[in-house]
Each structure stands twice: as C-alpha cells, then as structure tokens.
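Novice: Dumping the structure here so I can ask a few things about it.
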Protein chains: 2
Amino acid sequence: MARKKQYKEQEVLEKAMALFWRNGYESTSVRMLEKEMGINQFSIYASFGSKKGVFLESINTYKKKIHCITDKLEKSQNGVAGIKQYFYNFLEFANENNVNKGCLVTNTVNELGENADPTVMAELVKFASNIKHLFINNLKQDSQKDTDTIERQANYLMTTILGISIASKIFNKKQLEDAIEIAFKNL
Amino acid sequence: MARKKQYKEQEVLEKAMALFWRNGYESTSVRMLEKEMGINQFSIYASFGSKKGVFLESINTYKKKIHCITDKLEKSQNGVAGIKQYFYNFLEFANENNVNKGCLVTNTVNELGENADPTVMAELVKFASNIKHLFINNLKQDSQKDTDTIERQANYLMTTILGISIASKIFNKKQLEDAIEIAFKNL
DNA sequence: CAATAAACTAAGCAGATGCTTAGTAATAAA
DNA sequence: TTTATTACTAAGCATCTGCTTAGTTTATTG
C-alpha cells in the first residue's frame, strides 16, 4: 500500500560508479551524483544511506563489471601467459573513448590512502588480495617454481599492475605496451 | 620605510610541501596550511597569491629536495645499476618515520589527473620527462643497446617507478624489494 | 471511496572551502 | 617625530559540502 520507486537501484549505481571512476571519491559531490544518477538527494539517502554507502555499492558494481576479465584469468591454464593477457585485458577494460580511467580500486587506494574509511579500505584490500591470489595460482601452473619464487613474483606483479593502472591514465598505448612486454620478459 | 616580514618564505614553503606531500592537494585546506606554515591567511595570499600558488612553489621546493638523489643518478656512470640504485634511494627518500609518502609529483598526477590546472600539470610533466631522460642517459651507458631498445626500456622504467612510488604507500619493504629485484632482471 | 504507507520535491541546515578586507601594528625615510 | 609603506590580525564573504526535513504525490489495501 505504497508508492513504487521510479528508478532501479542497480541502474543508478552503474551511473554512480562511472562517475566515481572518472572523478575519484572526494571530488565527486552528492550534487553531481544527483545529476548523474538522475534522482533526488532524498532518494540517494533513502537507498544508500550516505555518500559512502553509494561508493561502497559502486565498488561492488565495479567488481561485477571487472569480473569478466578476472574470470578469464581464473579459468586460464597457461601460467604467466594468462597473467600477461590479463594486463592487456585490463587496459581495454579501463579504456572509454580513448580515455583511460585506471582501476577504480587502485585509484581510490591511492587517493584516500591511510585516511580512508576502514569499511571502504577493507573492501579495497579484499579486492587486491583476490587479484594477488589469481596471480599466484597462475604462477603455480608453471612447473618448476618454488613457493618463495612465486611469492616474490606475485609481489612484483602486483606492483607492476599498479604501475600500469596508474600509468594508463597518463601514458600512451605504445608506452604501456612497451612496459607490459618488458615486464613479462623473464617470468 | 615599511615593516619586515616575520617569516622566511622558503621556511614556510618547506612546511607547506610536507603537508601537501602527506595529504594531497585537494584535501589540504588553506586553514591547514595556516596552522602548518605558522602564518596567517593574509600572509599566505600576500606571498603566494593563491592555494595553487603555494602548491606550485611546494613542487619547486620538492624538486630541490629530491635533487640529492636525481643528482646521484645523473652523475652515475654504471648504466642500469645506477637506475636500480635510484629506485632504492627513492624508497628511502619517500620514507618518513616508516611511513611511505610516495612521490609528491606522481601523487598529484594521480590525484588530479586530467582535471589538473594546466600550469600545475605542465610542471608535473616537466619533472617526469626529466626523470625519463636521466633513465635514457644511463641506459645509453650500456654499450650495445640500440635507440629503439632504450626508448622501450625507458617507458618500462617509467611505469615501474610509478608503480613503486604508489605501491610504497601500501606495500611493505619486503614486497617492494621483491618488485625492484625482479624488475631489473628484465634489463 | 477513504485510509495508510511509502516515494517524491525542494528548501534549508551547519560546517567547511578559497579568498578578501577593514582596521591595527611595525618599520624606515624625511 | 612625523609620515609613508608594508605586514599583521581577525572578522567576514559567497559558495560548496554532506545531509535532513517539511510538505506533497502516488499507489495499495480495506
């Protein structure tokens, strides 16, 4: 016995995520979210509680969206080659109209750093450690590597994908490809 | 026939730079600058014109400060080994009380991205291209590399130092050392 | 239909932001 | 000592921030 919502939460979240992805957390205001999501502030707060709430749900939406490439990585059985393919897939994923937006998660880690809300931070760390485990699993597929080597190479790969993610926002395609090609020379 | 300034601009700039370095540009307010620099807003605006003005001068102060390690790189005659040493020197440089602040320049590029003021951006790009040229010069010292290889390796190194710079804010020492050690196996 | 419950609109809140300005204090030349 | 010039203090400006709330509209149930 009540009125129906005039929007679907998943639909407006897609738009919110896109805005956070392009703009970062702090410099995206609730007024901007209003316009982009196409709903009133009241509705934003009714559905998501706070700006932080919208952001946390945006991270979840992001995870769903990136799943198409993390899934490929998870299913790949070709070791290091699969990881390298993931790097290229990520570049395509982060690109929109020839503008590279980087990774929403790493962008946020870098923006908020230690000042990040614990709830947000926990979500970001969980995402990163998931990627690292995918790297480790693929590294294990290459026969002769001992656990110590795998751990060290995984640390290397995490730093490298972080670099690629940030660099993608500034460097051109050729520069990024140079970086990836050399990065995988010796694994 | 006038009153004397009660502060030295270089001294208060050191403090401003430290604050921007820790906090980033946007989330450092003029009120925070007041407290940290120990002078009134009037004095800030009289000396530097705007918050952006303080920041531009902070970048210059940063460049002077980092010169001690870029200088070592410039003077080094041992090719790739000199660059690797620069990576380690940078980690030490970015560390304060076991907190890694990353690089003020790359932090800012990543924070402001395309939205950055053109004057600020030009300053940041100039810094980055200077580092790249230092890398190229050192790569040239290794006899047999052709120009194409050097260009590609320089792109790789720029992405890698970017990754290290950002990663230093999150990862622990061991992880960073793993990353550097493996990164230089590829050269 | 009338009653009720939820979703909407738009105005408004307190606090923070970058920046300015009116008034006062200190200095050095005349 | 007077006067001109600069530096200081602190209050205040308009605008933006995240968030709330009073009042209205829409739908469902009895």
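Following the order of the structure tokens, chains are lettered A, B, ..., residues in each are numbered from 1, and ligands are numbered from 1.
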Residues of chain C within 12 Å of chain B, using only C-alpha atoms (C1' of nucleotides), as a ChimeraX atom specification?
Specialist: /C:16-21,25-30
Novice: Take the residues just selected and output them with C-alpha atoms (C1' of nucleotides) as an mmCIF file, in the first residue's frame.
Specialist:
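Output contents, as saved in selection-v4.cif:
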```cif
data_model
loop_
_atom_site.group_PDB
_atom_site.id
_atom_site.type_symbol
_atom_site.label_atom_id
_atom_site.label_comp_id
_atom_site.auth_asym_id
_atom_site.auth_seq_id
_atom_site.Cartn_x
_atom_site.Cartn_y
_atom_site.Cartn_z
ATOM 1 C "C1'" DA C 16 33.992 23.808 5.524
ATOM 2 C "C1'" DT C 17 36.091 25.850 1.458
ATOM 3 C "C1'" DG C 18 39.132 29.537 -1.049
ATOM 4 C "C1'" DC C 19 39.692 34.202 -0.724
ATOM 5 C "C1'" DT C 20 39.047 39.338 0.809
ATOM 6 C "C1'" DT C 21 39.037 43.285 3.505
ATOM 7 C "C1'" DA C 25 50.980 47.497 14.335
ATOM 8 C "C1'" DA C 26 55.665 47.945 12.988
ATOM 9 C "C1'" DT C 27 59.328 49.911 10.370
ATOM 10 C "C1'" DA C 28 62.365 53.230 7.988
ATOM 11 C "C1'" DA C 29 62.997 57.533 5.432
ATOM 12 C "C1'" DA C 30 62.158 62.673 5.667
#
```
Novice: Could you please select, counting only C-alpha atoms (C1' of nucleotides), the residues of chain D within 7 Å of chain A and state them as a list in words?
Specialist: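 Using only C-alpha atoms (C1' of nucleotides), chain D residues at most 7 Å from chain A: DT26, DA27, DT28 and DT29 of chain D.
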Novice: With a cut-off of 7 Å and counting only C-alpha atoms, select all residues of chain A in contact with chain B and give the selection as an MDAnalysis selection string.
Specialist: chainID A and resid 110:111 152 155:156 159:160 162:164 166:167 175 178:179 182:183 185:186
Novice: Could you check the closest approach to Cys103 (chain A) for each of A:Ile150, A:Ala116, A:Val80, A:Ala18 and tell me which residue wins, using only C-alpha atoms?
Specialist: A:Ala18
Novice: Have a look at D:DT15, D:DG23, D:DT3, D:DG30 and name the one nearest to DA11 (chain C); count only C-alpha atoms (C1' of nucleotides).
Specialist: D:DG23
Novice: Would you mind reading off the distance between C1' of DA11 (chain D) and CA of Met37 (chain B), one decimal, in Å?
Specialist: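 We find that C1' of DA11 (chain D) and CA of Met37 (chain B) lie 20.8 Å from each other.
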Novice: Taking the DSSP secondary structure from the backbone, can you list the residues of region 2-171 of chain A that are strand (DSSP E or B), as a VMD selection string?
Specialist: chain A and resid 95 to 96 99 to 100
Novice: Just the selected residues (C-alpha atoms), exported as a short mmCIF file (atom, residue, chain, number, x, y, z; two decimals), in the first residue's frame, please.
Specialist:
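Result file follows (part-v9.cif):
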```cif
data_model
loop_
_atom_site.label_atom_id
_atom_site.label_comp_id
_atom_site.auth_asym_id
_atom_site.auth_seq_id
_atom_site.Cartn_x
_atom_site.Cartn_y
_atom_site.Cartn_z
CA ASN A 95 39.53 2.48 -21.63
CA GLU A 96 36.49 4.51 -22.56
CA VAL A 99 40.47 7.86 -22.16
CA ASN A 100 42.00 5.53 -19.62
#
```
Novice: If DSSP is run on the backbone, what residues of region 67-168 of chain A are alpha helix (DSSP H)? A reply as a PyMOL selection string would be ideal.
Specialist: chain A and resi 67-75+80-94+104-112+118-140+147-167
Novice: Just C-alpha atoms for this one: save the residues we selected as a PDB file, in the first residue's frame.
Specialist:
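out12.pdb written:
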```
ATOM      1  CA  HIS A  67      34.545  -9.977 -13.227  1.00  0.00           C
ATOM      2  CA  CYS A  68      34.521 -10.672 -16.979  1.00  0.00           C
ATOM      3  CA  ILE A  69      38.316 -10.324 -17.064  1.00  0.00           C
ATOM      4  CA  THR A  70      39.217 -11.667 -13.612  1.00  0.00           C
ATOM      5  CA  ASP A  71      37.133 -14.680 -14.543  1.00  0.00           C
ATOM      6  CA  LYS A  72      39.195 -15.256 -17.685  1.00  0.00           C
ATOM      7  CA  LEU A  73      42.318 -15.099 -15.560  1.00  0.00           C
ATOM      8  CA  GLU A  74      40.897 -17.542 -13.045  1.00  0.00           C
ATOM      9  CA  LYS A  75      39.938 -20.006 -15.748  1.00  0.00           C
ATOM     10  CA  VAL A  80      52.363 -16.461 -16.965  1.00  0.00           C
ATOM     11  CA  ALA A  81      50.839 -16.023 -20.432  1.00  0.00           C
ATOM     12  CA  GLY A  82      47.410 -15.835 -18.832  1.00  0.00           C
ATOM     13  CA  ILE A  83      48.574 -13.089 -16.489  1.00  0.00           C
ATOM     14  CA  LYS A  84      50.064 -11.128 -19.353  1.00  0.00           C
ATOM     15  CA  GLN A  85      46.768 -11.429 -21.207  1.00  0.00           C
ATOM     16  CA  TYR A  86      45.046 -10.105 -18.080  1.00  0.00           C
ATOM     17  CA  PHE A  87      47.242  -6.987 -18.208  1.00  0.00           C
ATOM     18  CA  TYR A  88      46.162  -6.328 -21.795  1.00  0.00           C
ATOM     19  CA  ASN A  89      42.543  -7.122 -20.985  1.00  0.00           C
ATOM     20  CA  PHE A  90      42.694  -4.648 -18.143  1.00  0.00           C
ATOM     21  CA  LEU A  91      43.914  -1.856 -20.414  1.00  0.00           C
ATOM     22  CA  GLU A  92      40.953  -2.463 -22.692  1.00  0.00           C
ATOM     23  CA  PHE A  93      38.645  -2.617 -19.686  1.00  0.00           C
ATOM     24  CA  ALA A  94      39.876   0.715 -18.289  1.00  0.00           C
ATOM     25  CA  LEU A 104      38.531   2.257  -9.574  1.00  0.00           C
ATOM     26  CA  VAL A 105      40.018   0.309  -6.670  1.00  0.00           C
ATOM     27  CA  THR A 106      43.639   1.372  -7.080  1.00  0.00           C
ATOM     28  CA  ASN A 107      42.561   4.929  -7.869  1.00  0.00           C
ATOM     29  CA  THR A 108      40.753   5.006  -4.547  1.00  0.00           C
ATOM     30  CA  VAL A 109      43.568   3.414  -2.558  1.00  0.00           C
ATOM     31  CA  ASN A 110      45.892   5.997  -3.961  1.00  0.00           C
ATOM     32  CA  GLU A 111      43.508   8.877  -3.383  1.00  0.00           C
ATOM     33  CA  LEU A 112      42.441   8.085   0.157  1.00  0.00           C
ATOM     34  CA  PRO A 118      38.018   1.358   7.425  1.00  0.00           C
ATOM     35  CA  THR A 119      34.913  -0.148   5.793  1.00  0.00           C
ATOM     36  CA  VAL A 120      35.974   1.181   2.398  1.00  0.00           C
ATOM     37  CA  MET A 121      39.596   0.177   2.950  1.00  0.00           C
ATOM     38  CA  ALA A 122      38.669  -3.389   3.892  1.00  0.00           C
ATOM     39  CA  GLU A 123      36.731  -3.711   0.647  1.00  0.00           C
ATOM     40  CA  LEU A 124      39.690  -2.429  -1.379  1.00  0.00           C
ATOM     41  CA  VAL A 125      42.208  -4.696   0.334  1.00  0.00           C
ATOM     42  CA  LYS A 126      39.957  -7.702  -0.231  1.00  0.00           C
ATOM     43  CA  PHE A 127      39.848  -6.932  -3.946  1.00  0.00           C
ATOM     44  CA  ALA A 128      43.629  -6.571  -4.189  1.00  0.00           C
ATOM     45  CA  SER A 129      44.363  -9.767  -2.307  1.00  0.00           C
ATOM     46  CA  ASN A 130      41.964 -11.611  -4.576  1.00  0.00           C
ATOM     47  CA  ILE A 131      43.920 -10.459  -7.633  1.00  0.00           C
ATOM     48  CA  LYS A 132      47.165 -11.498  -5.977  1.00  0.00           C
ATOM     49  CA  HIS A 133      45.817 -14.991  -5.391  1.00  0.00           C
ATOM     50  CA  LEU A 134      44.805 -15.265  -9.019  1.00  0.00           C
ATOM     51  CA  PHE A 135      48.375 -14.331  -9.959  1.00  0.00           C
ATOM     52  CA  ILE A 136      49.763 -16.929  -7.544  1.00  0.00           C
ATOM     53  CA  ASN A 137      47.504 -19.646  -8.930  1.00  0.00           C
ATOM     54  CA  ASN A 138      48.655 -18.949 -12.467  1.00  0.00           C
ATOM     55  CA  LEU A 139      52.297 -18.805 -11.406  1.00  0.00           C
ATOM     56  CA  LYS A 140      51.902 -22.243  -9.831  1.00  0.00           C
ATOM     57  CA  THR A 147      56.853 -21.170  -3.317  1.00  0.00           C
ATOM     58  CA  ASP A 148      59.377 -18.474  -2.481  1.00  0.00           C
ATOM     59  CA  THR A 149      59.828 -17.539  -6.143  1.00  0.00           C
ATOM     60  CA  ILE A 150      56.081 -17.497  -6.630  1.00  0.00           C
ATOM     61  CA  GLU A 151      55.557 -15.175  -3.676  1.00  0.00           C
ATOM     62  CA  ARG A 152      58.259 -12.809  -4.912  1.00  0.00           C
ATOM     63  CA  GLN A 153      56.959 -12.806  -8.453  1.00  0.00           C
ATOM     64  CA  ALA A 154      53.421 -12.171  -7.198  1.00  0.00           C
ATOM     65  CA  ASN A 155      54.679  -9.125  -5.288  1.00  0.00           C
ATOM     66  CA  TYR A 156      56.412  -7.979  -8.427  1.00  0.00           C
ATOM     67  CA  LEU A 157      53.266  -8.442 -10.498  1.00  0.00           C
ATOM     68  CA  MET A 158      51.125  -6.532  -8.015  1.00  0.00           C
ATOM     69  CA  THR A 159      53.466  -3.566  -8.167  1.00  0.00           C
ATOM     70  CA  THR A 160      53.578  -3.802 -11.944  1.00  0.00           C
ATOM     71  CA  ILE A 161      49.805  -3.924 -12.480  1.00  0.00           C
ATOM     72  CA  LEU A 162      49.518  -0.998 -10.062  1.00  0.00           C
ATOM     73  CA  GLY A 163      52.035   0.911 -12.179  1.00  0.00           C
ATOM     74  CA  ILE A 164      50.195   0.008 -15.387  1.00  0.00           C
ATOM     75  CA  SER A 165      46.889   1.010 -13.849  1.00  0.00           C
ATOM     76  CA  ILE A 166      48.157   4.464 -12.887  1.00  0.00           C
ATOM     77  CA  ALA A 167      50.327   4.890 -15.970  1.00  0.00           C
TER      78      ALA A 167
END
```
Novice: Have a look at CA of Ala16 (chain B) and C1' of DA10 (chain D) and let me know their distance in Å, one decimal.
Specialist: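 If I compute the distance from CA of Ala16 (chain B) to C1' of DA10 (chain D), I get 22.1 Å.
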Novice: Grab the CA of Gly53 (chain B) to CA of Lys5 (chain B) distance for me, in Å with one decimal place.
Specialist: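 Separating CA of Gly53 (chain B) from CA of Lys5 (chain B) is a distance of 18.5 Å.
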